[in-house]
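Asks: Sharing a structure, written as structure tokens. Questions coming.
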Amino acid sequence: MTTTAERRPALAGRTAKRRRPRTEALWGYAFIAPTGLGLTIFYLWPVLQTAYFSFTEWGAFGGHTWTGLDNYARLLGDPEVGQAMLNTLMYTVLGLAGIPLAIVFAALLNRPGLRGVSVYRTAFFLPVVTMPVAVAMLWRWLYNGDYGLVNQMLATVGVDGPNWIADPATAMYALVVVGIWSSVGYNLIIFLAGMQAIPKELYEAAAMDGAGRVRQFFRITLPMLSPTAFFISIVSVIGSLQLFDLVFVMTGSGQSARANPAYSRLQTVVQLFYERAFVTDDRGYAAAIVIALLVLIAALTIAQFRLQRRWVHYV
Amino acid sequence: MSERRPIGVHAVLVASSLAMVAPFAWQVITSLKTLSGATAVPPSPLPEWRWDNYAKVFELLPFGDQFLNTVLMAAGRVAGQVLFCSMAAYAFARLRFPGKNVLFGVFLSVLMVPPQLFVIPQYQIMSSLGWLNSLQAIIVPGLFSAFGVFLLRQFFLGLPREIEEAARLDGAGPVRVYWSIMLPLARPGLVALSVLVLLWAWNDLFWPLVVNTDPDKMTLSAGLAALQGQYQTDYPVLMAGSLIASLPVIAVFVFLQRQFIQGIAHTGSKG
Amino acid sequence: MWKSVRSGAAVLCAALLASACGGGEQSGTGARPQEKVQLSYGVWDATQQAVMQELAAEFTRTHPNIAVDVQLTPWADYWTKLKAAVSGGAAPDVFWMNGPNFQLYASNGVIRPIEEQVDTSVYPKALVDLYTFDGKLYGLPKDMDTVGVWYNKTLFDAAKVKYPADDWTWADFKQAAARLTDAGKGVHAVGAQLTSFQEYQYNTIYQAGGYVISPDGRKSGYDDPRTIEGLKFWTDLIAAKQSPDLKTMTDTAPIQLFEAGKLAMYWGGSWDVAEFTKNDYTKDKVDVAPLPKGEKQATIIHGVANVMSAKTEHPAQAWEFVKFLGSKQAADILGKKGPIPAYNGTQADWVAAHPELRLQTFLDSVAYAVPYPVSKNTAAWQEAELTHLTKAWTGEVPVDKAAAGLAAAMNDLLAKE
């Protein structure tokens with residue numbers, strides 16, 4: 001059960017007779033070539049360029065002068081960058097709560113013979129097709145300090161609720177709830193698919209041993225789902241660290257978002273990057289910000305790959 | 001299997017389904033309001049039955065063209081990613097070749113880059129290819145995805161090896177193993193990837209808007225975004241349009257969910 | 001660096017590129033007037049799309065060899081897309097420009113100065129100045145807007161306050177504000193909005209005798225005591241609870257509060273006519289008055305101009321089109337359907353469209369209007385305005401201290417321009 005992915009292929013290769021490794025390697029390169037080429041042209045090359053421009057002062061419409069490490073030196077002394085990094089990490093940590101939630105819902109929605117299950121599944125899918133403007137409108141109404149539903153409900157028990165998304169003390173938590181809400185649908189699609197890859201015999205055997213649903217969940221579903229969960233956790237952490245749309249939609253687009261008293265607690269690194277790159281035309285600095293973020297994302301992703309041996313089970 | 005009646009399960013699911021459906025319901029209600037009603041303070045939860053908002057959508061947008069563009073863009077991206085990503089994913093999961101881990105790391109690094117970074121460079125690439133304002137401009141960059149490769153690699157890693165090994169012993173080469181064994185086994189993963197790519201393509205607003213200019217070369221979501229004025233936006237019409245646009249995706253999901261749930265990819269594979 | 005991408009991409013997609021180049025060569029020789037030419041025209045306002053298309057069609061009627069393709073990009077994405085387009089060498093031939101962005105485009109040479117001598121006396125001087133950089137005119141004003149006080153007559157009647165007179169002053173305004181506020185009904189006199197300096201802070205700053213940026217564009221005016229007076233005008237209203245606090249206005253925009261009968265007055269641009277005449281609540285309850293007079297009388301004037309891309313392949317035709325858009329004929333068409341045309345003497349239709357409102361107010365105020373303050377990188381210090389003044393609006397920091405911080409930050413930014 002605890003064998004790692006890295007050791008198994010080698011074993012498998014040996015048993016399936018000593019096959020021309022060179023041919024296999026060639027096939028390997030051929031299989032990754034189309035995506036590799038596409039990613040290089042459309043994605044990797046722009047990143048390399050941006051890395052280069054992070055050492056320059058980069059004009060609004062092109063043209064640049066080499067400034068060495070200036071942008072990075074400025075970055076280290078910029079309190080706004082520090083705060084945005086901190087906010088982004090907070091979003092990421094809090095947002096992780098969405099993963100167990102999605103697993104539990106996926107398990108519930110995957111119960112064979114549950115009545116109305118396809119209706120539930122469709123309901124959980126709807127957030128991903130709901131127009132962001134509508135999502136923002138409803139949540140902003142719920143969170144409204146004066147007439148929002150949340151505060152109306154709190155008022156019935158005698159609590160005077162805050163202006164949830166304009167109060168520095170609550171704004172981030174209010175947004176995290178919306179973020180988790182809107183990601184559950186995506187994660188469910190992946191978890192439900194992952195559950196299909198679990199052989200039914202395992203459940204049948206466990207049932208014969210007298211394990212109930214809850215024990216089956218912990219003894220079979222969770223470990224067998226761990227490769228999928230690992231994927232979701234990598235992708236969610238990356239997604240949270242790149243957070244942009246949610247804050248944009250919830251606080252209003254453009255510079256006017258800064259008039260929100262809670263803005264400094266909400267601003268993410270990618271927002272800061274966007275503002276520097278496209279609004280205030282500080283593009284060399286924007287490049288440095290995004291490269292710094294990339295380093296952070298890469299570090300956290302590598303750390304997760306290292307840790308996967310402790311909890312991810314490949315068949 | 002059948003224990004107590006799962007009332008608790010239903011209670012949890014009903015309550016959370018309501019929370020999931022609420023903004024969608026809000027969109028439906030708003031799409032049936034007047035503009036004044038939609039922006040009223042405090043908002044009313046009741047529709048005003050303005051069905052003409054739906055008619056207006058068709059007046060304001062070249063709906064047929066944009067729908068077709070959206071379908072073509074989504075179909076192209078789904079087909080491309082399912083094929084290319086599954087190929088690369090299979091190689092990363094099962095084949096041995098020097099530099100595999102490093103290359104996989106390079107692929108993954110693409111996933112780590114915030115998409116906002118690509119706007120101007122990709123625009124410049126499209127411009128130098130002479131692809132501005134074309135269908136290929138909105139399809140081609142979406143054919144390649146680090147996300148898809150990673151997702152399917154995880155799926156392949158989770159698949160049992162026995163069938164594959166048997167086929168190899170029978171002399172099947174990597175192509176046969178990939179095509180006739182791995183792809184069918186990974187069907188739930190491929191379906192999940194297709195649904196996700198379809199969704200993202202369907203909702204992708206910014207890139208089509210930036211790279212294309214003609215209304216009849218736009219996708220639906222980009223066309224809808226263009227309905228927003230500088231000072232005034234007709235939210236009910238916008239939401240009606242978005243609702244119409246989302247119906248095909250909902251239909252696809254309802255149809256395909258059987259594939260996630262009942263696509264018994266490999267029962268008996270362990271037997 | 002981009003050269004190498006281009007050549008790399010060319011190798012990859014040689015066939016496609018070849019066909020694209022073929023097309024490019026044909027249009028490259030577009031100097032002869034009899035040849036058919038297609039111009040692209042970039043605009044950002046969906047509500048004006050129809051009238052822009054009408055103008056384009058009218059132009060093609062008199063210039064049969066020039067077709068115009070109106071390209072609408074929503075406001076939220078317009079400038080990002082334009083930046084990408086300019087960087088990719090594919091900006092529209094003619095496009096809308098606004099004040100805050102103008103000098104950035106002009107100073108980088110991505111828009112084309114007007115070479116022909118034109119009679120600019122037909123436009124408000126403030127707008128001509130706005131689109132002049134280094135002594136050269138770059139765009140012809142298309143429309144204009146000024147700011148007025150929209151007021152809710154029902155709430156004025158209920159509070160037994162006289163409607164604002166044309167010559168009312170800050171003192172009159174403050175007096176009215178005190179009486180219009182009704183905490184019991186949740187009614188405030190006005191919303192001291194922080195997200196639209198054009199409609200709020202800039203006006204009171206100039207009314208107080210202050211300034212935002214020095215005429216040479218090098219120095220911030222935010223450390224001037226009169227400028228600070230203009231800011232205090234608003235923070236005092238919040239402190240006196242005659243305006244909702246910033247958190248409330250973040251949750252619900254002042255315009256929504258005004259349309260819900262929760263604000264008696266709303267400082268708003270002439271463009272709000274469309275909104276207030278359509279809204280079910282405001283359509284028979286509001287009218288408009290000039291801004292109250294402080295030390296001076298002032299309102300901010302701004303307007304959109306049509307400019308040409310420096311890289312247009314058809315400079316002669318593009319200029320013909322810009323000239324047409326700046327003509328009386330075009331202004332007459334615009335005035336019937338759109339915002340206030342900039343061409344002097346063509347605004348009667350715009351005023352007559354809503355006889356129930358005193359729309360003439362917006363035109364009369366042009367006499368004392370102040371141009372929208374801009375520099376080469378306006379966006380940079382506009383961001384600083386919000387960052388620093390938010391703290392004054394919440395009351396965390398006294399106004400003069402916040403303004404001093406803003407002035408220092410803005411001076412730094414201006415020094416970098």
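The way I read the labels, and the way they are meant: chains A, B, ... in the order of the structure tokens, residue 1 as the first residue of every chain, and ligand 1 as the first ligand shown, with later ones counted on from there.
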As an MDAnalysis selection string, please: all residues of range 104-294 of chain A that backbone DSSP puts in helix (DSSP H, G or I).

Replies: chainID A and resid 104:109 117:129 132:143 149:156 171:196 200:208 213:241 245:251 255:259 263:266 269:279 283:294

Asks: Write a file of the just-selected residues containing C-alpha atoms, as a short mmCIF file (atom, residue, chain, number, x, y, z; two decimals), in the first residue's frame.

Replies:
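Everything below was put into again_29.cif:
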data_model
loop_
_atom_site.label_atom_id
_atom_site.label_comp_id
_atom_site.auth_asym_id
_atom_site.auth_seq_id
_atom_site.Cartn_x
_atom_site.Cartn_y
_atom_site.Cartn_z
CA VAL A 104 -17.47 14.45 2.09
CA PHE A 105 -19.97 15.76 -0.43
CA ALA A 106 -18.51 13.55 -3.16
CA ALA A 107 -18.87 10.52 -0.90
CA LEU A 108 -22.48 11.42 -0.14
CA LEU A 109 -23.27 12.04 -3.80
CA VAL A 117 -28.92 11.84 -6.17
CA SER A 118 -28.70 13.17 -9.71
CA VAL A 119 -30.74 16.20 -8.69
CA TYR A 120 -28.31 16.89 -5.84
CA ARG A 121 -25.36 16.48 -8.14
CA THR A 122 -26.79 18.98 -10.60
CA ALA A 123 -27.42 21.40 -7.75
CA PHE A 124 -23.78 21.18 -6.70
CA PHE A 125 -22.73 21.76 -10.27
CA LEU A 126 -24.75 24.97 -10.71
CA PRO A 127 -22.27 27.35 -9.00
CA VAL A 128 -19.73 26.71 -11.74
CA VAL A 129 -22.14 27.86 -14.45
CA PRO A 132 -20.01 35.74 -11.62
CA VAL A 133 -21.99 38.99 -11.60
CA ALA A 134 -25.00 37.15 -10.18
CA VAL A 135 -22.82 35.35 -7.65
CA ALA A 136 -21.35 38.66 -6.49
CA MET A 137 -24.74 40.36 -6.35
CA LEU A 138 -26.23 37.70 -4.12
CA TRP A 139 -23.27 37.38 -1.79
CA ARG A 140 -22.96 41.14 -1.50
CA TRP A 141 -26.58 41.27 -0.48
CA LEU A 142 -26.09 38.51 2.07
CA TYR A 143 -23.10 40.35 3.53
CA LEU A 149 -29.63 38.52 5.22
CA VAL A 150 -26.79 37.48 7.50
CA ASN A 151 -27.17 40.53 9.70
CA GLN A 152 -30.95 40.28 9.68
CA MET A 153 -30.62 36.78 11.04
CA LEU A 154 -28.06 37.86 13.59
CA ALA A 155 -30.38 40.67 14.64
CA THR A 156 -33.06 38.15 15.62
CA ALA A 171 -13.62 40.82 5.03
CA MET A 172 -11.13 38.07 4.30
CA TYR A 173 -13.16 35.38 6.03
CA ALA A 174 -16.28 36.50 4.19
CA LEU A 175 -14.44 36.16 0.89
CA VAL A 176 -12.96 32.78 1.77
CA VAL A 177 -16.47 31.43 2.30
CA VAL A 178 -17.42 32.59 -1.19
CA GLY A 179 -14.23 31.11 -2.59
CA ILE A 180 -14.88 27.71 -1.04
CA TRP A 181 -18.48 27.86 -2.15
CA SER A 182 -17.50 28.48 -5.73
CA SER A 183 -14.78 25.82 -5.87
CA VAL A 184 -16.74 22.92 -4.42
CA GLY A 185 -18.38 22.19 -7.76
CA TYR A 186 -15.09 21.86 -9.63
CA ASN A 187 -13.51 19.70 -6.96
CA LEU A 188 -16.57 17.47 -6.84
CA ILE A 189 -16.31 16.70 -10.55
CA ILE A 190 -12.75 15.49 -10.03
CA PHE A 191 -13.44 13.59 -6.81
CA LEU A 192 -16.48 11.83 -8.25
CA ALA A 193 -14.39 10.72 -11.19
CA GLY A 194 -11.63 9.59 -8.84
CA MET A 195 -14.09 7.48 -6.88
CA GLN A 196 -14.94 5.57 -10.04
CA LYS A 200 -15.97 -2.14 -6.23
CA GLU A 201 -14.60 -5.45 -4.95
CA LEU A 202 -12.81 -3.64 -2.16
CA TYR A 203 -16.13 -2.37 -0.82
CA GLU A 204 -17.77 -5.75 -1.24
CA ALA A 205 -14.98 -7.41 0.68
CA ALA A 206 -15.14 -4.81 3.42
CA ALA A 207 -18.92 -5.15 3.65
CA MET A 208 -18.50 -8.87 4.11
CA ARG A 213 -20.29 2.94 5.44
CA VAL A 214 -18.30 5.20 7.69
CA ARG A 215 -15.55 2.68 8.19
CA GLN A 216 -15.54 1.91 4.46
CA PHE A 217 -15.09 5.60 3.81
CA PHE A 218 -12.06 5.85 6.07
CA ARG A 219 -10.52 2.47 5.21
CA ILE A 220 -11.13 2.34 1.46
CA THR A 221 -12.40 5.57 -0.05
CA LEU A 222 -9.95 7.95 1.59
CA PRO A 223 -6.73 6.02 0.91
CA MET A 224 -7.80 5.04 -2.60
CA LEU A 225 -8.78 8.62 -3.34
CA SER A 226 -5.47 10.00 -2.13
CA PRO A 227 -3.89 10.44 -5.60
CA THR A 228 -6.91 12.53 -6.58
CA ALA A 229 -6.83 14.41 -3.29
CA PHE A 230 -3.15 15.07 -3.81
CA PHE A 231 -3.93 16.52 -7.23
CA ILE A 232 -6.69 18.69 -5.81
CA SER A 233 -4.51 19.92 -3.01
CA ILE A 234 -1.70 20.90 -5.40
CA VAL A 235 -4.10 22.61 -7.76
CA SER A 236 -6.07 24.33 -4.99
CA VAL A 237 -2.98 25.71 -3.34
CA ILE A 238 -1.73 27.01 -6.67
CA GLY A 239 -5.18 28.41 -7.44
CA SER A 240 -5.40 30.19 -4.08
CA LEU A 241 -1.94 31.64 -4.49
CA ASP A 245 -11.17 37.00 -9.83
CA LEU A 246 -12.86 36.48 -6.49
CA VAL A 247 -11.59 39.69 -4.93
CA PHE A 248 -12.12 41.52 -8.20
CA VAL A 249 -15.74 40.44 -8.41
CA MET A 250 -16.58 40.94 -4.74
CA THR A 251 -14.95 44.33 -4.19
CA GLN A 255 -9.06 51.22 -8.76
CA SER A 256 -12.30 51.96 -6.95
CA ALA A 257 -11.83 48.69 -5.04
CA ARG A 258 -9.21 50.58 -3.05
CA ALA A 259 -11.93 52.70 -1.49
CA TYR A 263 -8.85 46.55 0.81
CA SER A 264 -5.36 46.24 2.25
CA ARG A 265 -6.48 43.03 3.96
CA LEU A 266 -8.00 41.67 0.76
CA VAL A 269 -0.32 39.25 -5.03
CA VAL A 270 -1.80 38.68 -8.47
CA GLN A 271 -4.02 41.72 -8.05
CA LEU A 272 -1.00 43.77 -7.19
CA PHE A 273 0.75 42.33 -10.23
CA TYR A 274 -2.23 43.21 -12.42
CA GLU A 275 -2.39 46.76 -11.11
CA ARG A 276 1.32 47.33 -11.64
CA ALA A 277 1.32 45.70 -15.08
CA PHE A 278 -1.87 47.12 -16.56
CA VAL A 279 -3.03 50.07 -14.49
CA ARG A 283 5.67 46.69 -15.72
CA GLY A 284 9.23 45.79 -14.80
CA TYR A 285 8.22 45.85 -11.15
CA ALA A 286 5.11 43.84 -11.96
CA ALA A 287 7.35 41.23 -13.57
CA ALA A 288 9.45 41.05 -10.42
CA ILE A 289 6.32 40.61 -8.28
CA VAL A 290 5.05 37.76 -10.40
CA ILE A 291 8.44 36.04 -10.47
CA ALA A 292 8.61 36.27 -6.68
CA LEU A 293 5.16 34.71 -6.50
CA LEU A 294 6.26 31.94 -8.84
#

Asks: With only C-alpha atoms considered, list every residue of chain B at most 7 Å from chain A, as a VMD selection string.

Replies: chain B and resid 13 17 20 to 21 23 to 24 26 to 27 42 84 to 85 87 to 88 91 94 to 97 110 112 to 114 118 121 to 122 141 144 151 154 157 to 160 165 168 to 169 188 to 189 192 242 246 254 260 to 261 263 to 265 267

Asks: Selection from above, N, CA and C atoms, as a CSV table (one decimal), in the first residue's frame, can you write it?

Replies:
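Writing done, so here's again_30.csv:
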chain,number,residue,atom,x,y,z
B,13,LEU,N,-27.8,17.1,2.4
B,13,LEU,CA,-27.7,17.4,1.0
B,13,LEU,C,-28.8,18.5,0.6
B,17,SER,N,-27.6,21.8,-1.0
B,17,SER,CA,-28.0,22.1,-2.3
B,17,SER,C,-28.6,23.5,-2.4
B,20,MET,N,-26.1,26.0,-2.7
B,20,MET,CA,-25.4,25.9,-4.0
B,20,MET,C,-26.3,26.6,-5.1
B,21,VAL,N,-27.6,26.3,-5.0
B,21,VAL,CA,-28.5,26.8,-6.1
B,21,VAL,C,-28.8,28.3,-5.9
B,23,PRO,N,-27.4,31.4,-5.7
B,23,PRO,CA,-27.1,32.4,-6.7
B,23,PRO,C,-27.6,32.1,-8.1
B,24,PHE,N,-27.7,30.9,-8.4
B,24,PHE,CA,-28.3,30.6,-9.8
B,24,PHE,C,-29.8,31.0,-9.8
B,26,TRP,N,-31.0,33.3,-8.0
B,26,TRP,CA,-30.9,34.7,-8.0
B,26,TRP,C,-30.8,35.3,-9.4
B,27,GLN,N,-29.9,34.6,-10.2
B,27,GLN,CA,-29.7,35.0,-11.6
B,27,GLN,C,-31.0,34.8,-12.3
B,42,PRO,N,-33.5,47.8,-0.4
B,42,PRO,CA,-32.9,46.4,-0.5
B,42,PRO,C,-33.5,45.6,-1.6
B,84,PHE,N,-3.9,15.3,-26.3
B,84,PHE,CA,-2.6,15.7,-26.0
B,84,PHE,C,-2.2,15.4,-24.6
B,85,CYS,N,-3.1,15.8,-23.7
B,85,CYS,CA,-2.8,15.6,-22.3
B,85,CYS,C,-2.8,14.2,-21.9
B,87,MET,N,-1.9,11.7,-23.7
B,87,MET,CA,-0.6,11.2,-24.3
B,87,MET,C,0.5,11.5,-23.3
B,88,ALA,N,0.6,12.8,-23.0
B,88,ALA,CA,1.7,13.2,-22.1
B,88,ALA,C,1.6,12.6,-20.7
B,91,ALA,N,2.7,9.0,-20.7
B,91,ALA,CA,4.2,8.9,-20.7
B,91,ALA,C,4.8,9.2,-19.3
B,94,ARG,N,3.8,6.2,-16.9
B,94,ARG,CA,4.1,4.8,-17.2
B,94,ARG,C,5.5,4.5,-17.9
B,95,LEU,N,5.8,5.4,-18.8
B,95,LEU,CA,7.0,5.2,-19.6
B,95,LEU,C,8.3,5.7,-18.9
B,96,ARG,N,9.4,5.0,-19.2
B,96,ARG,CA,10.6,5.4,-18.6
B,96,ARG,C,11.5,6.1,-19.6
B,97,PHE,N,11.9,7.3,-19.3
B,97,PHE,CA,12.8,8.0,-20.2
B,97,PHE,C,13.7,9.0,-19.4
B,110,VAL,N,4.2,25.5,-15.5
B,110,VAL,CA,3.3,26.3,-16.3
B,110,VAL,C,2.0,26.6,-15.5
B,112,MET,N,1.8,27.0,-12.5
B,112,MET,CA,2.0,27.9,-11.4
B,112,MET,C,2.0,29.3,-11.8
B,113,VAL,N,1.9,29.6,-13.1
B,113,VAL,CA,2.0,31.0,-13.6
B,113,VAL,C,0.6,31.6,-13.6
B,114,PRO,N,0.4,32.7,-13.0
B,114,PRO,CA,-0.9,33.4,-13.1
B,114,PRO,C,-1.3,33.7,-14.5
B,118,PHE,N,0.0,36.0,-19.3
B,118,PHE,CA,0.2,35.6,-20.7
B,118,PHE,C,-0.5,36.5,-21.6
B,121,PRO,N,2.0,38.7,-24.0
B,121,PRO,CA,2.9,37.9,-24.9
B,121,PRO,C,2.1,37.0,-25.9
B,122,GLN,N,1.0,36.4,-25.4
B,122,GLN,CA,0.2,35.6,-26.3
B,122,GLN,C,-0.5,36.5,-27.4
B,141,PRO,N,-4.1,28.2,-28.2
B,141,PRO,CA,-3.4,28.2,-26.9
B,141,PRO,C,-4.1,27.3,-25.9
B,144,PHE,N,-3.3,23.1,-25.1
B,144,PHE,CA,-2.2,22.5,-24.3
B,144,PHE,C,-2.5,22.9,-22.9
B,151,LEU,N,-3.7,16.1,-14.1
B,151,LEU,CA,-4.9,15.4,-13.7
B,151,LEU,C,-4.9,14.0,-14.2
B,154,GLN,N,-2.3,11.6,-12.6
B,154,GLN,CA,-2.8,11.1,-11.4
B,154,GLN,C,-3.7,9.9,-11.6
B,157,LEU,N,-1.7,6.9,-12.7
B,157,LEU,CA,-1.0,6.3,-11.6
B,157,LEU,C,-1.9,5.5,-10.7
B,158,GLY,N,-3.2,5.9,-10.7
B,158,GLY,CA,-4.1,5.2,-9.8
B,158,GLY,C,-4.7,3.9,-10.4
B,159,LEU,N,-4.4,3.6,-11.7
B,159,LEU,CA,-4.9,2.5,-12.3
B,159,LEU,C,-4.1,1.2,-12.1
B,160,PRO,N,-4.7,0.1,-11.9
B,160,PRO,CA,-4.0,-1.2,-11.7
B,160,PRO,C,-3.1,-1.5,-12.9
B,165,GLU,N,0.3,-5.0,-17.9
B,165,GLU,CA,1.5,-5.8,-18.0
B,165,GLU,C,1.2,-7.1,-18.8
B,168,ARG,N,1.6,-6.1,-22.3
B,168,ARG,CA,3.0,-5.9,-22.7
B,168,ARG,C,3.6,-7.3,-22.9
B,169,LEU,N,3.3,-8.2,-22.1
B,169,LEU,CA,3.9,-9.6,-22.2
B,169,LEU,C,3.4,-10.2,-23.6
B,188,PRO,N,-13.3,7.7,-16.7
B,188,PRO,CA,-13.9,8.7,-15.8
B,188,PRO,C,-13.0,10.0,-15.7
B,189,GLY,N,-11.7,9.8,-15.8
B,189,GLY,CA,-10.8,10.9,-15.7
B,189,GLY,C,-10.9,11.7,-17.0
B,192,ALA,N,-14.1,13.7,-16.8
B,192,ALA,CA,-14.0,14.8,-15.9
B,192,ALA,C,-13.2,15.9,-16.5
B,242,SER,N,-26.8,35.3,-20.0
B,242,SER,CA,-25.9,34.3,-19.4
B,242,SER,C,-26.6,33.0,-19.1
B,246,SER,N,-25.7,29.3,-20.6
B,246,SER,CA,-25.3,28.2,-19.7
B,246,SER,C,-26.1,27.0,-19.8
B,254,VAL,N,-25.6,17.1,-17.0
B,254,VAL,CA,-26.6,16.2,-16.6
B,254,VAL,C,-26.5,14.9,-17.4
B,260,PHE,N,-19.5,9.8,-14.8
B,260,PHE,CA,-18.6,9.9,-13.6
B,260,PHE,C,-19.1,8.7,-12.6
B,261,ILE,N,-20.4,8.5,-12.6
B,261,ILE,CA,-20.9,7.7,-11.5
B,261,ILE,C,-21.0,6.3,-11.9
B,263,GLY,N,-19.7,5.0,-14.8
B,263,GLY,CA,-18.7,4.5,-15.8
B,263,GLY,C,-17.8,3.5,-15.1
B,264,ILE,N,-18.3,2.3,-14.9
B,264,ILE,CA,-17.5,1.3,-14.2
B,264,ILE,C,-16.3,0.9,-15.0
B,265,ALA,N,-15.3,1.6,-14.8
B,265,ALA,CA,-14.2,1.5,-15.8
B,265,ALA,C,-13.5,0.2,-15.7
B,267,THR,N,-14.3,-2.8,-13.3
B,267,THR,CA,-14.6,-3.8,-12.3
B,267,THR,C,-14.0,-5.1,-12.8

Asks: Write out as JSON, numbers by chain each polymer residue whose atoms come within 7 Å of Val187 in chain C, counting only C-alpha atoms; drop sequence neighbours fewer than 4 positions from it.

Replies: {"C": [181, 182, 183, 262, 263]}

Asks: Pick out the chain B residues within 9 Å of chain C. Count only C-alpha atoms. Give them as number ranges by chain.

Replies: B: 34-37, 39-42, 119-121, 123-132, 206, 209-211, 213-215, 225-233

Asks: Can you pull out every residue within 10 Å of Ile244 in chain B, counting only C-alpha atoms, but drop anything in the same chain fewer than 3 positions away, and send it as number ranges by chain?

Replies: B: 54, 57, 220, 239-241, 247-249

Asks: Which residues come within 8 Å of Ser107 in chain C, counting only C-alpha atoms, excluding same-chain residues fewer than 3 positions away, as a PyMOL selection string?

Replies: chain C and resi 103-104+110+133+376

Asks: Just to be explicit: take each residue in the selection above, keep N, CA and C atoms, and write the result as a PDB file, in the first residue's frame.

Replies:
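Resulting contents of out27.pdb:
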ATOM      1  N   GLN C 103      -2.031  61.401 -21.927  1.00  0.00           N
ATOM      2  CA  GLN C 103      -0.606  61.761 -21.988  1.00  0.00           C
ATOM      3  C   GLN C 103       0.296  60.542 -22.045  1.00  0.00           C
ATOM      4  N   LEU C 104      -0.160  59.447 -21.443  1.00  0.00           N
ATOM      5  CA  LEU C 104       0.611  58.204 -21.517  1.00  0.00           C
ATOM      6  C   LEU C 104       0.774  57.777 -22.975  1.00  0.00           C
ATOM      7  N   VAL C 110       2.398  56.516 -29.339  1.00  0.00           N
ATOM      8  CA  VAL C 110       1.572  55.477 -29.949  1.00  0.00           C
ATOM      9  C   VAL C 110       0.301  56.059 -30.573  1.00  0.00           C
ATOM     10  N   PHE C 133      -0.569  67.892 -26.132  1.00  0.00           N
ATOM     11  CA  PHE C 133       0.619  67.477 -25.397  1.00  0.00           C
ATOM     12  C   PHE C 133       1.831  68.019 -26.120  1.00  0.00           C
ATOM     13  N   LYS C 376       1.307  62.415 -17.076  1.00  0.00           N
ATOM     14  CA  LYS C 376       1.679  61.314 -17.964  1.00  0.00           C
ATOM     15  C   LYS C 376       1.275  59.964 -17.415  1.00  0.00           C
TER      16      LYS C 376
END

Asks: When you get a sec, could you note down which chain C residues fall within 7 Å of chain A, using only C-alpha atoms, as a count of residues only?

Replies: 17

Asks: Take CA of Gly142 in chain B and CA of Arg77 in chain B and report the distance between them in Å, one decimal.

Replies: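 Straight-line distance from CA of Gly142 in chain B to CA of Arg77 in chain B works out to 5.5 Å.
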
Asks: Name the residues in contact with range 213-228 of chain C at a cut-off of 8 Å, using only C-alpha atoms, excluding same-chain residues fewer than 5 positions from it; report them as a ChimeraX atom specification.

Replies: /C:205-206,208,373-375,399-400,403-404,406-408,410-411,414-415
